[in-house]
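Engineer: Structure incoming, see below.
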Amino acid sequence: RLMFFLDKSAGDIDYLLKKLDEMGVVTGFGDDMVRLNAVKLWLDGVPAMGTAYMREPYEHMPETCGMMVFTPEEVTAICERAAKYYWQVGIHACGDKSVDVALEAFRAAGRVREYDARHYIIHNPLLYPDQLPLMKELNVSVTQQPTIALQMGEQSILGEKTVNRYSLTKEYFNNGIIVGGSTDFPVVTCNPFLGMYAAITRYDSKGIVYRPDQK
């Protein structure tokens with residue numbers, strides 16, 4: 001299963017929208033050997049580096065709220081164009097504010113065309129509870145990477161307030177949000193059993209358990 005990556009380093013927003021117009025194939029193209037699943041966007045960075053786009057400044061880097069690769073208007077334009085062609089869209093969003101932007105773009109896409117899009121957020125490790133109702137309303141799922149917490153242990157530097165919202169996998173399940181487990185290889189190992197182990201135990205790289213209620 002492959003994703004069609006709209007890479008902003010390859011061209012501006014007009015170029016990327018034109019690529020969608022020119023594709024000629026959409027979500028579901030292929031067969032049981034190789035199939036095209038979704039358009040992928042990369043919105044921001046990662047929390048540990050202070051590059052994920054946040055509603056509030058970081059506790060460990062209070063001089064910044066992070067950044068986004070695209071403007072909110074550009075994200076919406078891409079999702080609306082994707083809807084025109086019945087694309088599924090997967091958006092890398094690690095910061096809570098970038099997730100807000102992604103969800104609003106998915107809402108706008110739904111106004112262009114109603115279909116079983118099953119758009120999803122890739123990562124969303126810093127959930128705010130007020131995001132859950134909109135995710136459920138729009139049928140947006142999330143893919144999480146428990147192995148990152150296990151092998152990289154970025155929780156230890158994020159600060160108490162932030163880490164209390166970190167990787168709340170069970171919270172998604174409790175609210176009827178579909179969660180996919182993934183690895184983010186090659187950032188961490190591709191061994192799926194370590195991901196399962198991390199999700200069940202919630203150990204970090206030093207054996208510390210944050211939010212045991214989320215096991």
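Following the order of the structure tokens, first chain is A, next is B, and so on, with residues numbered from 1 inside each chain and ligands from 1 in the order they appear.
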Write out as a PyMOL selection string the residues lying within 8 Å of Arg113 in chain A, counting only C-alpha atoms and excluding same-chain residues fewer than 3 positions away.
Structural biologist: chain A and resi 83-84+86+109-110
Engineer: I want to know what sits within 8 Å of range 93-96 of chain A, based on only C-alpha atoms, with residues of the same chain fewer than 3 positions away left out; could you give that as a ChimeraX atom specification?
Structural biologist: /A:42-47,52-55,66,99-100,102,121-128
Engineer: Which of these residues is nearest to His60 in chain A, using only C-alpha atoms: A:Val188, A:Val75, A:Ala82, A:Val163?
Structural biologist: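 Under the stated criterion, the closest residue is A:Val163.
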Engineer: Please run DSSP on the backbone and report, as a PDB file with N, CA, C and O atoms, in the first residue's frame, all residues within range 9-58 of chain A that come out as alpha helix (DSSP H).
Structural biologist:
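Listed below is the output, result-v8.pdb:
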ATOM      1  N   ILE A  13       2.194  25.711  -3.992  1.00  0.00           N
ATOM      2  CA  ILE A  13       0.857  25.156  -3.852  1.00  0.00           C
ATOM      3  C   ILE A  13       0.186  24.949  -5.211  1.00  0.00           C
ATOM      4  O   ILE A  13      -0.510  23.948  -5.428  1.00  0.00           O
ATOM      5  N   ASP A  14       0.392  25.855  -6.142  1.00  0.00           N
ATOM      6  CA  ASP A  14      -0.205  25.699  -7.472  1.00  0.00           C
ATOM      7  C   ASP A  14       0.344  24.464  -8.169  1.00  0.00           C
ATOM      8  O   ASP A  14      -0.393  23.731  -8.844  1.00  0.00           O
ATOM      9  N   TYR A  15       1.628  24.213  -7.998  1.00  0.00           N
ATOM     10  CA  TYR A  15       2.256  23.023  -8.576  1.00  0.00           C
ATOM     11  C   TYR A  15       1.649  21.754  -7.981  1.00  0.00           C
ATOM     12  O   TYR A  15       1.335  20.795  -8.710  1.00  0.00           O
ATOM     13  N   LEU A  16       1.449  21.729  -6.660  1.00  0.00           N
ATOM     14  CA  LEU A  16       0.922  20.532  -6.009  1.00  0.00           C
ATOM     15  C   LEU A  16      -0.536  20.285  -6.390  1.00  0.00           C
ATOM     16  O   LEU A  16      -0.940  19.140  -6.597  1.00  0.00           O
ATOM     17  N   LEU A  17      -1.319  21.341  -6.498  1.00  0.00           N
ATOM     18  CA  LEU A  17      -2.710  21.185  -6.924  1.00  0.00           C
ATOM     19  C   LEU A  17      -2.776  20.660  -8.362  1.00  0.00           C
ATOM     20  O   LEU A  17      -3.625  19.822  -8.696  1.00  0.00           O
ATOM     21  N   LYS A  18      -1.865  21.127  -9.195  1.00  0.00           N
ATOM     22  CA  LYS A  18      -1.812  20.646 -10.576  1.00  0.00           C
ATOM     23  C   LYS A  18      -1.452  19.164 -10.628  1.00  0.00           C
ATOM     24  O   LYS A  18      -1.966  18.414 -11.463  1.00  0.00           O
ATOM     25  N   LYS A  19      -0.565  18.719  -9.703  1.00  0.00           N
ATOM     26  CA  LYS A  19      -0.207  17.301  -9.651  1.00  0.00           C
ATOM     27  C   LYS A  19      -1.443  16.450  -9.351  1.00  0.00           C
ATOM     28  O   LYS A  19      -1.624  15.373  -9.932  1.00  0.00           O
ATOM     29  N   LEU A  20      -2.304  16.937  -8.465  1.00  0.00           N
ATOM     30  CA  LEU A  20      -3.537  16.206  -8.190  1.00  0.00           C
ATOM     31  C   LEU A  20      -4.439  16.144  -9.415  1.00  0.00           C
ATOM     32  O   LEU A  20      -5.049  15.113  -9.702  1.00  0.00           O
ATOM     33  N   ASP A  21      -4.522  17.260 -10.144  1.00  0.00           N
ATOM     34  CA  ASP A  21      -5.340  17.296 -11.353  1.00  0.00           C
ATOM     35  C   ASP A  21      -4.816  16.333 -12.417  1.00  0.00           C
ATOM     36  O   ASP A  21      -5.585  15.779 -13.202  1.00  0.00           O
ATOM     37  N   GLU A  22      -3.507  16.134 -12.441  1.00  0.00           N
ATOM     38  CA  GLU A  22      -2.871  15.348 -13.516  1.00  0.00           C
ATOM     39  C   GLU A  22      -2.713  13.870 -13.194  1.00  0.00           C
ATOM     40  O   GLU A  22      -2.329  13.091 -14.072  1.00  0.00           O
TER      41      GLU A  22
END
Engineer: Enumerate as a list in words all residues of chain A assigned to strand (DSSP E) by DSSP on the backbone, naming them with the chain letters and numbers the document uses.
Structural biologist: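 Answer for chain A, restricted to strand (DSSP E): Leu2, Met3, Phe4, Phe5, Leu36, Asn37, Ala38, Val39, Lys40, Leu41, Trp42, Gln88, Val89, Gly90, Ile91, His92, Ala93, Tyr120, Ile121, Ile122, His123, Ser141, Val142, Thr143, Gln144, Val179, Gly180 and Gly181 of chain A.
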Engineer: Output the selection as a tab-separated table (two decimals), in the first residue's frame - N, CA and C atoms for each residue.
Structural biologist:
chain	number	residue	atom	x	y	z
A	2	LEU	N	0.69	2.09	-0.95
A	2	LEU	CA	1.54	3.27	-1.12
A	2	LEU	C	0.74	4.55	-0.93
A	3	MET	N	1.46	5.63	-0.61
A	3	MET	CA	0.84	6.95	-0.52
A	3	MET	C	1.48	7.88	-1.55
A	4	PHE	N	0.69	8.79	-2.09
A	4	PHE	CA	1.17	9.79	-3.05
A	4	PHE	C	1.55	11.03	-2.24
A	5	PHE	N	2.85	11.27	-2.09
A	5	PHE	CA	3.37	12.33	-1.22
A	5	PHE	C	3.43	13.66	-1.96
A	36	LEU	N	-2.59	1.95	-4.42
A	36	LEU	CA	-2.42	3.33	-4.01
A	36	LEU	C	-3.50	3.69	-3.00
A	37	ASN	N	-3.10	4.14	-1.82
A	37	ASN	CA	-4.07	4.39	-0.76
A	37	ASN	C	-4.50	5.85	-0.64
A	38	ALA	N	-3.54	6.77	-0.50
A	38	ALA	CA	-3.94	8.12	-0.11
A	38	ALA	C	-2.92	9.16	-0.55
A	39	VAL	N	-3.34	10.41	-0.52
A	39	VAL	CA	-2.44	11.54	-0.63
A	39	VAL	C	-1.85	11.80	0.76
A	40	LYS	N	-0.56	12.09	0.81
A	40	LYS	CA	0.08	12.38	2.09
A	40	LYS	C	0.60	13.81	2.12
A	41	LEU	N	0.34	14.51	3.23
A	41	LEU	CA	0.89	15.83	3.48
A	41	LEU	C	1.72	15.78	4.75
A	42	TRP	N	2.77	16.58	4.79
A	42	TRP	CA	3.63	16.70	5.97
A	42	TRP	C	3.48	18.12	6.48
A	88	GLN	N	-8.45	9.74	-0.50
A	88	GLN	CA	-8.23	9.72	0.93
A	88	GLN	C	-7.00	10.58	1.20
A	89	VAL	N	-6.95	11.24	2.37
A	89	VAL	CA	-5.81	12.08	2.71
A	89	VAL	C	-5.27	11.68	4.09
A	90	GLY	N	-3.96	11.48	4.16
A	90	GLY	CA	-3.29	11.23	5.43
A	90	GLY	C	-2.34	12.38	5.72
A	91	ILE	N	-2.46	13.00	6.88
A	91	ILE	CA	-1.68	14.20	7.19
A	91	ILE	C	-0.78	13.97	8.40
A	92	HIS	N	0.54	14.13	8.18
A	92	HIS	CA	1.48	14.11	9.30
A	92	HIS	C	1.27	15.38	10.12
A	93	ALA	N	0.82	15.20	11.37
A	93	ALA	CA	0.61	16.34	12.27
A	93	ALA	C	0.97	15.88	13.67
A	120	TYR	N	-7.19	10.60	7.70
A	120	TYR	CA	-6.59	10.29	9.00
A	120	TYR	C	-5.40	11.18	9.31
A	121	ILE	N	-5.12	11.27	10.61
A	121	ILE	CA	-3.96	12.00	11.12
A	121	ILE	C	-2.84	11.01	11.39
A	122	ILE	N	-1.66	11.32	10.90
A	122	ILE	CA	-0.49	10.50	11.16
A	122	ILE	C	0.23	11.10	12.37
A	123	HIS	N	0.26	10.39	13.46
A	123	HIS	CA	0.90	10.72	14.74
A	123	HIS	C	-0.10	11.28	15.76
A	141	SER	N	-9.59	9.01	11.54
A	141	SER	CA	-8.85	8.09	12.39
A	141	SER	C	-7.44	8.61	12.62
A	142	VAL	N	-6.64	7.84	13.35
A	142	VAL	CA	-5.28	8.28	13.67
A	142	VAL	C	-4.35	7.07	13.64
A	143	THR	N	-3.13	7.28	13.18
A	143	THR	CA	-2.10	6.24	13.31
A	143	THR	C	-1.09	6.71	14.35
A	144	GLN	N	-0.81	5.83	15.30
A	144	GLN	CA	0.13	6.17	16.36
A	144	GLN	C	1.34	5.24	16.32
A	179	VAL	N	-7.87	3.57	15.62
A	179	VAL	CA	-6.44	3.78	15.78
A	179	VAL	C	-5.68	2.72	15.02
A	180	GLY	N	-4.74	3.15	14.19
A	180	GLY	CA	-3.84	2.21	13.53
A	180	GLY	C	-2.48	2.27	14.19
A	181	GLY	N	-1.88	1.11	14.42
A	181	GLY	CA	-0.53	1.07	14.97
A	181	GLY	C	0.49	1.05	13.84
Engineer: Here is a test: counting only C-alpha atoms, which residue of A:Met135, A:Val101, A:Ile177, A:Trp87 is nearest to Tyr115 in chain A?
Structural biologist: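 The closest residue to Tyr115 in chain A is A:Trp87.
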Engineer: Write out as an NGL selection string which residues come within 9 Å of Leu138 in chain A when counting only C-alpha atoms, dropping same-chain ones fewer than 2 positions away.
Structural biologist: :A and (103 or 106-107 or 110 or 118-119 or 133-136 or 140)
Engineer: Do a neighbour search on Asp213 in chain A at 10 Å with only C-alpha atoms, toss out local chain neighbours closer than 6 positions, and write the hits as a PyMOL selection string.
Structural biologist: chain A and resi 168+170-171+202
Engineer: Could those selected residues go to a file with C-alpha atoms, as a CSV table (one decimal), in the first residue's frame?
Structural biologist:
chain,number,residue,atom,x,y,z
A,168,LEU,CA,-3.2,8.9,24.6
A,170,LYS,CA,-6.6,4.4,24.8
A,171,GLU,CA,-8.4,7.7,24.9
A,202,ARG,CA,3.7,2.3,28.0
Engineer: Please indicate the distance in Å from CA of Val187 in chain A to CA of Ile148 in chain A, rounded to one decimal place.
Structural biologist: 7.8 Å
Engineer: Residues near Arg211 in chain A, anyone? I mean within 12 Å using only C-alpha atoms, not counting same-chain ones fewer than 4 positions away, as a list in words.
Structural biologist: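 These residues fall inside the cut-off: Gln155, Glu160, Lys161, Thr162, Val163, Asn164, Arg165, Tyr166, Ser167, Leu168, Thr169, Lys170, Glu171, Ala199, Ile200, Thr201, Arg202, Tyr203, Asp204 and Lys215 of chain A.
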Engineer: Write the residues of the preceding selection, restricted to C-alpha atoms, as a short mmCIF file (atom, residue, chain, number, x, y, z; two decimals), in the first residue's frame.
Structural biologist:
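Result went into selection19.cif, see below:
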data_model
loop_
_atom_site.label_atom_id
_atom_site.label_comp_id
_atom_site.auth_asym_id
_atom_site.auth_seq_id
_atom_site.Cartn_x
_atom_site.Cartn_y
_atom_site.Cartn_z
CA GLN A 155 8.43 12.17 26.89
CA GLU A 160 4.78 17.66 32.96
CA LYS A 161 1.85 19.51 31.39
CA THR A 162 2.67 18.35 27.88
CA VAL A 163 3.60 14.77 28.71
CA ASN A 164 0.24 14.33 30.44
CA ARG A 165 -1.30 14.47 26.93
CA TYR A 166 1.34 12.32 25.24
CA SER A 167 0.28 9.33 23.11
CA LEU A 168 -3.19 8.85 24.60
CA THR A 169 -3.94 5.76 22.53
CA LYS A 170 -6.59 4.35 24.84
CA GLU A 171 -8.40 7.71 24.89
CA ALA A 199 1.32 0.29 23.59
CA ILE A 200 0.44 -2.29 26.24
CA THR A 201 3.13 -1.39 28.81
CA ARG A 202 3.74 2.29 27.96
CA TYR A 203 7.39 1.95 28.98
CA ASP A 204 9.76 4.61 27.71
CA LYS A 215 -2.14 1.16 28.62
#
